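Everything below belongs to run.cif, which stores mmCIF, C-alpha atoms.
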data_input
#
loop_
_atom_site.label_atom_id
_atom_site.label_comp_id
_atom_site.auth_asym_id
_atom_site.auth_seq_id
_atom_site.Cartn_x
_atom_site.Cartn_y
_atom_site.Cartn_z
CA MET A 1 -52.20 -0.51 20.10
CA ARG A 2 -51.34 2.06 22.69
CA TRP A 3 -51.73 5.78 22.25
CA ILE A 4 -52.44 7.89 25.25
CA HIS A 5 -54.64 5.66 27.42
CA ALA A 6 -56.15 6.77 30.72
CA ALA A 7 -57.96 4.01 32.57
CA GLY A 8 -61.40 4.48 34.04
CA ARG A 9 -62.02 8.04 33.02
CA GLY A 10 -65.17 7.56 30.94
CA LEU A 11 -66.12 10.61 28.90
CA LEU A 12 -64.32 13.71 30.09
CA VAL A 13 -64.63 17.10 28.48
CA LEU A 14 -61.88 19.59 29.10
CA VAL A 15 -62.11 23.10 27.77
CA VAL A 16 -58.55 24.18 27.37
CA VAL A 17 -57.38 27.80 27.34
CA LEU A 18 -54.24 27.94 25.48
CA THR A 19 -50.62 29.88 23.64
CA GLY A 20 -49.22 30.44 20.14
CA TYR A 21 -48.88 29.22 16.70
CA VAL A 22 -50.43 30.52 13.50
CA ALA A 23 -50.57 27.71 10.97
CA SER A 24 -51.19 29.85 7.92
CA GLY A 25 -51.02 33.47 9.02
CA ALA A 26 -54.81 33.84 9.08
CA ARG A 27 -56.54 36.25 11.44
CA ALA A 28 -58.28 34.97 14.56
CA ASP A 29 -61.38 37.06 13.99
CA GLU A 30 -62.54 35.79 10.59
CA GLY A 31 -66.29 35.50 10.47
CA PRO A 32 -68.65 32.59 9.94
CA GLY A 33 -69.07 30.96 6.55
CA ASP A 34 -65.37 30.63 5.82
CA GLY A 35 -64.97 27.20 7.44
CA ARG A 36 -63.50 28.65 10.61
CA GLY A 37 -64.76 28.65 14.16
CA PRO A 38 -64.64 26.74 17.46
CA LEU A 39 -63.46 23.11 17.39
CA THR A 40 -63.81 19.93 19.37
CA LEU A 41 -60.89 17.49 19.36
CA ALA A 42 -61.75 13.89 20.32
CA THR A 43 -59.05 11.53 21.52
CA ALA A 44 -58.50 8.56 23.78
CA GLY A 45 -57.52 9.40 27.36
CA ASP A 46 -54.36 11.45 27.86
CA LEU A 47 -52.32 9.44 30.38
CA THR A 48 -49.61 12.05 30.97
CA GLY A 49 -51.73 15.20 30.69
CA TYR A 50 -49.47 16.54 27.92
CA LEU A 51 -52.13 17.49 25.38
CA GLY A 52 -53.71 20.43 27.20
CA PRO A 53 -50.46 22.42 27.40
CA LEU A 54 -49.83 21.75 23.69
CA LEU A 55 -53.12 23.41 22.86
CA GLU A 56 -52.47 26.51 24.98
CA GLY A 57 -50.80 28.35 22.13
CA TRP A 58 -53.62 27.65 19.73
CA ASN A 59 -56.44 28.87 21.98
CA ARG A 60 -54.69 32.02 23.11
CA ARG A 61 -53.82 33.11 19.59
CA HIS A 62 -57.11 31.92 18.06
CA PRO A 63 -59.92 32.97 20.42
CA GLY A 64 -62.46 32.56 17.62
CA GLU A 65 -61.25 29.00 16.93
CA ARG A 66 -60.93 27.71 20.47
CA VAL A 67 -60.54 23.98 21.01
CA THR A 68 -62.55 21.85 23.40
CA LEU A 69 -60.76 18.60 24.18
CA VAL A 70 -62.93 15.50 24.63
CA GLU A 71 -61.21 12.49 26.20
CA LEU A 72 -62.94 9.21 25.39
CA PRO A 73 -62.65 5.93 27.37
CA ASP A 74 -59.53 3.88 27.98
CA SER A 75 -60.50 1.00 25.69
CA ALA A 76 -59.64 1.46 22.02
CA ASP A 77 -62.83 -0.40 21.09
CA GLU A 78 -64.92 1.97 23.21
CA THR A 79 -63.14 5.01 21.80
CA ARG A 80 -63.81 3.83 18.25
CA ALA A 81 -67.45 3.05 19.06
CA GLN A 82 -68.08 6.51 20.53
CA MET A 83 -66.42 8.22 17.58
CA ILE A 84 -68.51 6.21 15.12
CA THR A 85 -71.72 6.97 17.02
CA ASP A 86 -70.92 10.67 16.72
CA LEU A 87 -69.95 10.41 13.05
CA ARG A 88 -73.18 8.60 12.22
CA SER A 89 -75.31 11.20 14.00
CA ARG A 90 -78.22 12.48 11.93
CA ASP A 91 -77.53 15.93 13.35
CA ARG A 92 -74.13 17.49 12.97
CA GLY A 93 -71.74 15.58 15.26
CA ARG A 94 -69.85 17.10 18.16
CA PHE A 95 -66.37 16.20 16.93
CA ASP A 96 -64.40 18.23 14.40
CA VAL A 97 -60.93 16.69 14.71
CA LEU A 98 -60.45 13.00 15.52
CA ASN A 99 -57.27 11.49 16.91
CA ILE A 100 -57.72 8.01 15.44
CA ASP A 101 -55.68 4.85 15.65
CA VAL A 102 -53.71 4.37 12.44
CA SER A 103 -55.61 1.16 11.70
CA TRP A 104 -58.95 3.02 11.50
CA THR A 105 -58.07 5.39 8.66
CA SER A 106 -59.19 3.09 5.84
CA GLU A 107 -62.45 2.17 7.58
CA PHE A 108 -63.36 5.79 8.38
CA ALA A 109 -62.42 6.99 4.89
CA ALA A 110 -64.34 4.23 3.09
CA ALA A 111 -67.42 5.01 5.17
CA GLY A 112 -67.23 8.71 4.29
CA TRP A 113 -66.84 9.75 7.91
CA ILE A 114 -63.65 11.79 7.40
CA ARG A 115 -62.69 14.32 4.73
CA PRO A 116 -59.87 13.96 2.20
CA LEU A 117 -57.12 16.51 2.89
CA PRO A 118 -54.81 18.44 0.51
CA ARG A 119 -51.31 17.00 0.74
CA GLU A 120 -49.70 20.38 0.05
CA SER A 121 -51.13 21.82 3.27
CA PHE A 122 -48.97 19.61 5.49
CA PRO A 123 -45.20 19.04 5.73
CA LEU A 124 -45.40 15.35 4.80
CA ASP A 125 -41.87 15.32 3.37
CA THR A 126 -40.49 16.01 6.87
CA PHE A 127 -42.17 12.93 8.35
CA LEU A 128 -40.71 9.46 8.69
CA PRO A 129 -41.53 7.93 5.28
CA ARG A 130 -43.48 4.91 6.49
CA VAL A 131 -45.97 6.83 8.60
CA VAL A 132 -47.63 8.70 5.74
CA ASP A 133 -48.95 5.44 4.27
CA THR A 134 -51.07 4.88 7.40
CA ALA A 135 -52.96 8.11 6.64
CA THR A 136 -53.96 7.27 3.07
CA TYR A 137 -56.79 5.32 1.52
CA ASP A 138 -57.36 4.70 -2.20
CA ASP A 139 -54.29 6.86 -2.95
CA ARG A 140 -55.76 9.92 -1.19
CA LEU A 141 -54.71 11.57 2.06
CA TYR A 142 -57.52 11.27 4.63
CA ALA A 143 -55.56 12.09 7.79
CA VAL A 144 -52.21 13.44 8.93
CA PRO A 145 -49.80 11.36 11.06
CA TYR A 146 -49.57 12.73 14.59
CA VAL A 147 -47.64 10.16 16.62
CA THR A 148 -46.03 6.96 15.43
CA ASN A 149 -44.92 3.80 17.17
CA ALA A 150 -43.17 0.53 16.51
CA GLY A 151 -42.68 -2.54 18.63
CA LEU A 152 -39.32 -3.09 20.31
CA LEU A 153 -37.79 -6.12 22.01
CA LEU A 154 -36.91 -5.14 25.58
CA TYR A 155 -34.42 -7.39 27.34
CA ARG A 156 -32.62 -7.73 30.64
CA GLU A 157 -29.24 -6.26 29.80
CA ASP A 158 -27.71 -7.45 33.09
CA VAL A 159 -28.69 -11.09 32.52
CA LEU A 160 -27.39 -11.26 28.96
CA ALA A 161 -24.16 -9.49 29.96
CA ALA A 162 -23.59 -11.94 32.83
CA GLU A 163 -23.96 -14.83 30.39
CA GLY A 164 -21.88 -13.22 27.64
CA VAL A 165 -24.82 -13.41 25.23
CA ALA A 166 -25.66 -10.75 22.64
CA PRO A 167 -29.23 -9.43 22.31
CA PRO A 168 -31.31 -11.62 19.96
CA ARG A 169 -31.26 -10.88 16.24
CA THR A 170 -33.23 -13.96 15.17
CA TRP A 171 -36.08 -16.05 16.49
CA ALA A 172 -33.61 -18.87 17.15
CA ASP A 173 -31.52 -16.55 19.35
CA LEU A 174 -34.62 -15.48 21.23
CA GLU A 175 -35.95 -19.01 21.71
CA ARG A 176 -32.62 -20.37 22.89
CA ALA A 177 -32.09 -17.66 25.52
CA ALA A 178 -35.74 -17.70 26.63
CA ARG A 179 -35.66 -21.49 27.01
CA THR A 180 -32.27 -21.84 28.74
CA LEU A 181 -31.12 -18.58 30.35
CA ALA A 182 -34.46 -17.37 31.70
CA PRO A 183 -35.06 -20.37 34.02
CA LYS A 184 -31.46 -20.20 35.17
CA HIS A 185 -32.12 -16.68 36.48
CA GLY A 186 -35.61 -17.41 37.82
CA LEU A 187 -37.35 -15.61 34.97
CA ASP A 188 -40.01 -16.37 32.39
CA GLY A 189 -38.73 -16.27 28.84
CA TYR A 190 -40.72 -14.09 26.47
CA ALA A 191 -44.06 -12.29 26.36
CA GLY A 192 -45.99 -9.96 24.15
CA GLN A 193 -49.65 -8.97 24.13
CA PHE A 194 -51.48 -12.25 23.65
CA LEU A 195 -54.97 -11.70 25.08
CA PRO A 196 -57.49 -11.84 22.21
CA TYR A 197 -57.81 -8.09 21.55
CA GLU A 198 -56.15 -5.61 19.19
CA GLY A 199 -52.74 -6.27 20.72
CA LEU A 200 -52.82 -9.89 19.59
CA THR A 201 -53.66 -8.77 16.05
CA VAL A 202 -50.53 -6.63 16.18
CA ASN A 203 -48.31 -9.42 17.56
CA ALA A 204 -49.65 -11.93 15.03
CA ALA A 205 -49.19 -9.52 12.11
CA GLU A 206 -45.60 -8.85 13.22
CA ALA A 207 -44.87 -12.58 13.27
CA VAL A 208 -46.34 -13.06 9.79
CA TYR A 209 -44.61 -9.96 8.38
CA SER A 210 -41.28 -10.92 9.94
CA ALA A 211 -41.44 -14.27 8.16
CA GLY A 212 -41.99 -12.48 4.85
CA GLY A 213 -45.77 -12.83 4.61
CA THR A 214 -48.81 -10.59 4.43
CA ILE A 215 -52.44 -10.88 5.53
CA LEU A 216 -54.42 -8.74 3.06
CA GLY A 217 -53.61 -6.94 -0.16
CA ASP A 218 -55.26 -4.36 -2.42
CA GLU A 219 -56.85 -2.32 0.40
CA GLY A 220 -58.40 -5.45 1.88
CA GLU A 221 -59.89 -6.80 -1.34
CA ARG A 222 -57.48 -9.75 -1.61
CA VAL A 223 -56.63 -12.32 1.08
CA THR A 224 -52.93 -13.22 1.06
CA VAL A 225 -52.49 -14.99 4.41
CA ASN A 226 -52.52 -18.58 3.14
CA SER A 227 -48.74 -18.89 2.89
CA ARG A 228 -45.69 -20.64 4.27
CA ALA A 229 -44.69 -17.38 5.96
CA ALA A 230 -47.97 -17.15 7.86
CA ARG A 231 -47.64 -20.75 9.02
CA GLU A 232 -44.09 -20.04 10.15
CA GLY A 233 -45.05 -16.85 12.00
CA ILE A 234 -48.08 -18.27 13.80
CA GLY A 235 -46.09 -21.44 14.45
CA PHE A 236 -43.41 -19.40 16.23
CA LEU A 237 -45.97 -18.02 18.69
CA ALA A 238 -47.73 -21.36 19.19
CA ARG A 239 -44.43 -23.18 19.72
CA GLY A 240 -43.42 -20.72 22.42
CA VAL A 241 -46.48 -21.54 24.52
CA ARG A 242 -46.26 -25.27 23.84
CA GLU A 243 -42.58 -25.42 24.84
CA GLY A 244 -43.00 -23.11 27.82
CA TRP A 245 -40.68 -20.24 26.94
CA ILE A 246 -43.81 -18.14 26.51
CA PRO A 247 -45.56 -18.46 29.90
CA GLU A 248 -49.24 -19.40 29.85
CA GLU A 249 -50.15 -16.30 31.84
CA ALA A 250 -48.97 -14.22 28.86
CA LEU A 251 -52.09 -15.43 27.03
CA ALA A 252 -53.98 -12.92 29.22
CA TYR A 253 -51.50 -10.02 28.80
CA LYS A 254 -52.33 -6.66 27.27
CA GLU A 255 -49.78 -3.82 27.13
CA GLU A 256 -50.01 -2.89 30.77
CA GLU A 257 -49.90 -6.42 32.19
CA SER A 258 -46.91 -7.37 30.05
CA LYS A 259 -45.10 -4.13 30.93
CA GLN A 260 -45.68 -4.74 34.61
CA ALA A 261 -44.37 -8.31 34.40
CA PHE A 262 -41.14 -7.04 32.83
CA GLN A 263 -40.88 -4.04 35.14
CA ASP A 264 -41.32 -6.31 38.18
CA GLY A 265 -38.36 -8.42 37.07
CA ARG A 266 -40.32 -11.50 35.95
CA LEU A 267 -39.39 -11.60 32.24
CA LEU A 268 -36.18 -11.90 30.27
CA PHE A 269 -37.69 -10.57 27.02
CA LEU A 270 -40.72 -8.44 26.23
CA ARG A 271 -42.25 -7.19 23.00
CA ASN A 272 -43.91 -3.82 23.69
CA TRP A 273 -44.07 -0.19 22.61
CA PRO A 274 -41.37 2.33 23.62
CA TYR A 275 -43.38 3.65 26.55
CA ALA A 276 -42.64 0.34 28.32
CA TYR A 277 -38.91 1.04 28.00
CA VAL A 278 -39.42 4.45 29.62
CA ALA A 279 -41.44 2.94 32.49
CA ALA A 280 -39.05 0.04 33.07
CA SER A 281 -36.07 2.42 33.15
CA ALA A 282 -37.65 4.94 35.51
CA SER A 283 -36.80 5.38 39.15
CA GLY A 284 -38.72 2.87 41.25
CA SER A 285 -38.71 0.15 38.62
CA LYS A 286 -37.12 -3.09 39.82
CA VAL A 287 -35.17 -3.30 36.56
CA ALA A 288 -34.10 0.35 36.25
CA GLY A 289 -30.61 0.52 34.76
CA LYS A 290 -30.85 -3.10 33.55
CA VAL A 291 -32.94 -2.64 30.39
CA GLY A 292 -31.88 -2.78 26.76
CA ALA A 293 -33.91 -2.49 23.54
CA VAL A 294 -33.37 -3.82 20.04
CA PRO A 295 -35.56 -4.20 16.95
CA LEU A 296 -37.85 -7.21 16.94
CA PRO A 297 -36.09 -10.33 15.67
CA GLY A 298 -37.26 -12.43 12.73
CA PRO A 299 -36.45 -15.89 11.34
CA ASP A 300 -33.12 -14.88 9.77
CA GLY A 301 -32.40 -11.41 11.17
CA PRO A 302 -34.29 -8.29 12.23
CA GLY A 303 -38.02 -8.72 11.90
CA THR A 304 -40.82 -6.33 10.99
CA SER A 305 -42.86 -4.34 13.48
CA VAL A 306 -46.39 -3.19 12.93
CA LEU A 307 -46.71 0.58 12.79
CA GLY A 308 -48.60 1.95 15.75
CA GLY A 309 -49.58 5.48 16.59
CA SER A 310 -52.42 7.77 15.65
CA ASN A 311 -53.51 10.10 12.87
CA LEU A 312 -55.49 13.34 12.96
CA ALA A 313 -58.56 13.46 10.72
CA VAL A 314 -61.31 15.99 10.03
CA SER A 315 -64.89 14.82 10.49
CA SER A 316 -67.06 15.03 7.38
CA THR A 317 -69.71 16.73 9.51
CA SER A 318 -67.42 19.47 10.86
CA ALA A 319 -68.81 22.97 10.41
CA HIS A 320 -65.27 24.40 10.57
CA PRO A 321 -63.01 22.24 8.36
CA GLU A 322 -60.60 25.11 7.65
CA SER A 323 -59.92 25.63 11.34
CA ALA A 324 -59.66 21.86 11.80
CA ALA A 325 -56.97 21.61 9.11
CA ARG A 326 -55.09 24.56 10.62
CA LEU A 327 -55.17 22.90 14.05
CA ILE A 328 -53.73 19.72 12.54
CA ALA A 329 -50.92 21.77 10.95
CA TYR A 330 -50.19 23.21 14.39
CA LEU A 331 -50.12 19.82 16.12
CA THR A 332 -47.72 18.42 13.52
CA SER A 333 -45.39 21.43 13.53
CA GLU A 334 -41.77 20.84 14.62
CA SER A 335 -42.03 22.68 17.92
CA VAL A 336 -45.20 20.87 18.98
CA GLN A 337 -43.92 17.48 17.83
CA ARG A 338 -40.88 17.99 20.04
CA GLN A 339 -43.23 18.45 23.00
CA VAL A 340 -45.23 15.36 22.02
CA LEU A 341 -42.02 13.46 22.83
CA THR A 342 -40.70 15.43 25.79
CA ARG A 343 -44.04 16.00 27.57
CA GLY A 344 -46.02 12.99 26.40
CA ALA A 345 -43.26 10.37 25.92
CA LEU A 346 -44.87 9.58 22.57
CA PRO A 347 -42.82 8.97 19.40
CA PRO A 348 -43.11 11.95 17.04
CA VAL A 349 -43.58 11.71 13.28
CA ARG A 350 -40.94 14.34 12.42
CA ALA A 351 -37.84 12.52 11.14
CA ASP A 352 -35.24 15.10 12.24
CA LEU A 353 -36.16 14.74 15.93
CA TYR A 354 -34.74 11.20 15.95
CA ASP A 355 -31.27 12.60 15.20
CA ASP A 356 -31.36 15.42 17.74
CA PRO A 357 -28.41 14.80 20.14
CA GLU A 358 -30.19 16.32 23.13
CA LEU A 359 -33.29 14.18 22.60
CA VAL A 360 -31.22 11.02 22.05
CA ARG A 361 -29.42 11.60 25.35
CA ARG A 362 -32.77 11.90 27.10
CA PHE A 363 -34.46 9.08 25.17
CA PRO A 364 -31.69 6.61 24.27
CA TYR A 365 -34.06 4.23 22.50
CA LEU A 366 -34.75 6.79 19.71
CA PRO A 367 -32.20 5.44 17.17
CA THR A 368 -33.52 1.89 17.66
CA LEU A 369 -37.10 3.11 17.37
CA ARG A 370 -36.31 5.02 14.18
CA GLU A 371 -34.81 1.85 12.69
CA SER A 372 -37.91 -0.10 13.68
CA VAL A 373 -40.34 2.49 12.30
CA LEU A 374 -38.51 2.68 8.97
CA ALA A 375 -38.72 -1.12 8.63
CA ALA A 376 -42.30 -1.35 9.92
CA ALA A 377 -45.50 -2.11 8.04
CA PRO A 378 -49.09 -1.02 8.66
CA ARG A 379 -51.77 -3.36 9.88
CA PRO A 380 -53.90 -4.87 7.11
CA LYS A 381 -55.81 -2.11 5.35
CA SER A 382 -59.51 -2.81 5.03
CA PRO A 383 -62.80 -0.90 5.20
CA HIS A 384 -63.88 -3.79 7.48
CA TYR A 385 -60.81 -3.60 9.70
CA ASP A 386 -62.68 -4.22 12.96
CA GLN A 387 -63.97 -7.55 11.62
CA VAL A 388 -60.55 -8.45 10.19
CA SER A 389 -58.96 -7.85 13.59
CA LEU A 390 -61.56 -9.94 15.41
CA VAL A 391 -60.92 -12.87 13.07
CA VAL A 392 -57.14 -12.67 13.50
CA GLN A 393 -57.43 -12.47 17.29
CA ALA A 394 -59.73 -15.46 17.58
CA VAL A 395 -57.85 -17.73 15.19
CA VAL A 396 -54.34 -16.96 16.45
CA HIS A 397 -55.42 -17.34 20.09
CA ASP A 398 -56.80 -20.80 19.24
CA ALA A 399 -53.44 -21.71 17.69
CA MET A 400 -51.50 -20.43 20.71
CA THR A 401 -53.71 -22.34 23.16
CA GLY A 402 -53.30 -25.55 21.15
CA ARG A 403 -56.91 -25.76 19.94
CA GLN A 404 -55.70 -25.71 16.33
CA THR A 405 -52.43 -26.43 14.60
CA PRO A 406 -50.76 -23.45 12.90
CA GLU A 407 -51.50 -25.07 9.53
CA ALA A 408 -55.22 -25.40 10.31
CA ALA A 409 -55.27 -21.91 11.77
CA VAL A 410 -53.90 -20.38 8.57
CA ARG A 411 -56.46 -22.21 6.43
CA ARG A 412 -59.23 -20.97 8.74
CA LEU A 413 -57.83 -17.43 8.64
CA ALA A 414 -57.88 -17.44 4.85
CA ALA A 415 -61.48 -18.66 4.72
CA GLU A 416 -62.85 -16.29 7.35
CA LEU A 417 -60.99 -13.26 5.99
CA ALA A 418 -62.30 -14.02 2.51
CA ALA A 419 -65.84 -13.97 3.93
CA VAL A 420 -65.19 -10.61 5.60
CA SER A 421 -63.65 -9.10 2.45
CA SER A 422 -66.60 -10.15 0.28
CA ARG A 423 -69.16 -8.21 2.38
#
Let me see the file written as structure tokens.
Amino acid sequence: MRWIHAAGRGLLVLVVVLTGYVASGARADEGPGDGRGPLTLATAGDLTGYLGPLLEGWNRRHPGERVTLVELPDSADETRAQMITDLRSRDRGRFDVLNIDVSWTSEFAAAGWIRPLPRESFPLDTFLPRVVDTATYDDRLYAVPYVTNAGLLLYREDVLAAEGVAPPRTWADLERAARTLAPKHGLDGYAGQFLPYEGLTVNAAEAVYSAGGTILGDEGERVTVNSRAAREGIGFLARGVREGWIPEEALAYKEEESKQAFQDGRLLFLRNWPYAYVAASASGSKVAGKVGAVPLPGPDGPGTSVLGGSNLAVSSTSAHPESAARLIAYLTSESVQRQVLTRGALPPVRADLYDDPELVRRFPYLPTLRESVLAAAPRPKSPHYDQVSLVVQAVVHDAMTGRQTPEAAVRRLAAELAAVSSR
């Protein structure tokens, strides 16, 4: 999961003075007691510094509802932990609006930490259809999609062109090229994010989904992972390491390490988020001008990505929920969403931006990303998502390192997830 990381910053509070958008035509000087007033927006670190300028309009036009931006640590686990500490505070917490990973929505909603929101207050029908599902729990809207994401398969366009080989559409295509062409050109074959952390949960879920399986059903109440599809998906990852077309060092890769390996010209194929395409194509990259991107492959054709990204939610303890909802409307407006892409290099949730000719010229991966998002699926929904993810990481890593067969790993997954779901 990658949304707006900034390594080593710790807790940083930025008070941002900012320019113009009125979400509902309300006055800036409404008094106390109407749910309006100053806000604090909590998010993970802003790598590109794009968020402050987006808030300039809001603060300048709404001096009575000014936003203080709080950037939390680089690690998603630390960000989540600090948010939860604030939300559990006996006194009213500091945070009004939370920029949360899409996988946390169910957990936060089930715990009562975030407020349900009125669907009619937000332009949900203008969003990419799949993303709205990540913001719901128990058929109610608890957050609003802010940025989305889907995994892409990056590849060395120059190598495949020299060999007269098309980009992979299936796992067999990927395996064959990774096993035979990569060594021929002095490259490793394929990598994703295989260190036991949230990234491995994502990669494992994509493998299972691509094979036609699922992990949990009914908002986490039913375990569905004990299937042929799950054995096939986990077997694909384990086989790659065993046969060597997934290098052993990839077992320690997170997003940044895998991106750097590809950007340094050491990999033929890489599963990562779109930001890695931007970095690998930028001036100074060793593979600039040599990078292509296609949807993730599956057993018999295009596979299924996990939906990434983040949602904006209103804390249940916020003293100013009306202002919080208005700020969310501002951040998901068309003009601001355009800047989320152009300033932050983050995939927007507004569907029409993916067809904008000017944006497609500047970000050529947009049509592929749109295809991937529309075919993507959310991570398993569960009020115990953190425990679900830890189980998936541990079990799949054991399968990939050869400590368990894929068959045994799936049986263990089913048993351990059933124990988590029964709590």
Contacts of Ser382 of chain A at 7 Å (all atoms listed in the file; same-chain gap of 4+ positions) as number ranges by chain:
A: 106-107, 219-220
Selection under test: the PyMOL selection byres ((chain A and resi 244) around 12); residues as number ranges by chain
A: 175-176, 178-180, 182-183, 187-191, 237-243, 245-251, 400-401
Residues selected by the PyMOL selection byres ((chain A and resi 289) around 12), written as a list in words:
Tyr155, Arg156, Glu157, Asp158, Val159, Gln263, Tyr277, Val278, Ala279, Ala280, Ser281, Ala282, Ser283, Gly284, Ser285, Lys286, Val287, Ala288, Lys290, Val291 and Gly292 of chain A
Residue IDs satisfying the PyMOL selection byres ((chain A and resi 195) around 10), as a PyMOL selection string
chain A and resi 192-194+196-201+249-255+393-394+397
Between atom CA of Gly57 of chain A and atom CA of Ser335 of chain A, what distance in Å does the model show, to one decimal?
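Atom-to-atom, atom CA of Gly57 of chain A and atom CA of Ser335 of chain A are spaced 11.3 Å apart.
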Counting all atoms listed in the file, the option among A:Thr170, A:Thr214, A:Ser316, A:Ser258 closest to Ala109 of chain A
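So, comparing all the options, the nearest one is A:Ser316.
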One number please: atom CA of Tyr354 of chain A to atom CA of Ala276 of chain A, in Å, one decimal.
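These atoms are spaced 18.3 Å apart.
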Counting all atoms listed in the file, find the residues whose atoms lie at most 12 Å from (-54.4, -25.9, 12.5) (file coordinates) and write them out as an MDAnalysis selection string.
chainID A and resid 230:231 234:235 238 395:414
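Here atom CA of Leu390 of chain A is placed at a distance of 12.1 Å from atom CA of Ala204 of chain A.
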Ranking A:Ala110, A:Ala375, A:Leu87, A:Ala329 by minimum distance to Phe122 of chain A and counting all atoms listed in the file, which one comes first?
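Counting all atoms listed in the file, the residue closest to Phe122 of chain A is A:Ala329.
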Starting from the block above, write segment 379-393 of chain A out to a file with N, CA and C atoms, as a short mmCIF file (atom, residue, chain, number, x, y, z; two decimals), in the first residue's frame, please.
data_model
loop_
_atom_site.label_atom_id
_atom_site.label_comp_id
_atom_site.auth_asym_id
_atom_site.auth_seq_id
_atom_site.Cartn_x
_atom_site.Cartn_y
_atom_site.Cartn_z
N ARG A 379 -9.16 -5.20 -0.88
CA ARG A 379 -8.62 -6.19 0.06
C ARG A 379 -9.75 -6.77 0.89
N PRO A 380 -9.52 -7.92 1.53
CA PRO A 380 -10.60 -8.52 2.31
C PRO A 380 -11.17 -7.54 3.32
N LYS A 381 -12.49 -7.40 3.34
CA LYS A 381 -13.12 -6.51 4.30
C LYS A 381 -13.30 -7.24 5.63
N SER A 382 -12.87 -6.61 6.71
CA SER A 382 -13.01 -7.22 8.02
C SER A 382 -12.83 -6.16 9.09
N PRO A 383 -13.62 -6.21 10.17
CA PRO A 383 -13.36 -5.32 11.29
C PRO A 383 -12.07 -5.66 12.02
N HIS A 384 -11.47 -6.82 11.68
CA HIS A 384 -10.18 -7.23 12.26
C HIS A 384 -9.11 -7.25 11.17
N TYR A 385 -9.18 -6.26 10.27
CA TYR A 385 -8.31 -6.33 9.09
C TYR A 385 -6.83 -6.43 9.45
N ASP A 386 -6.37 -5.72 10.47
CA ASP A 386 -4.95 -5.77 10.81
C ASP A 386 -4.50 -7.19 11.13
N GLN A 387 -5.34 -7.95 11.83
CA GLN A 387 -5.00 -9.34 12.15
C GLN A 387 -5.08 -10.23 10.91
N VAL A 388 -6.09 -9.98 10.07
CA VAL A 388 -6.19 -10.72 8.80
C VAL A 388 -4.92 -10.55 7.99
N SER A 389 -4.47 -9.30 7.86
CA SER A 389 -3.28 -9.02 7.05
C SER A 389 -2.04 -9.71 7.63
N LEU A 390 -1.89 -9.67 8.94
CA LEU A 390 -0.73 -10.32 9.56
C LEU A 390 -0.71 -11.82 9.29
N VAL A 391 -1.87 -12.44 9.32
CA VAL A 391 -1.96 -13.88 9.03
C VAL A 391 -1.55 -14.15 7.59
N VAL A 392 -2.11 -13.38 6.66
CA VAL A 392 -1.79 -13.60 5.24
C VAL A 392 -0.30 -13.42 4.99
N GLN A 393 0.28 -12.36 5.54
CA GLN A 393 1.71 -12.11 5.34
C GLN A 393 2.56 -13.28 5.82
#
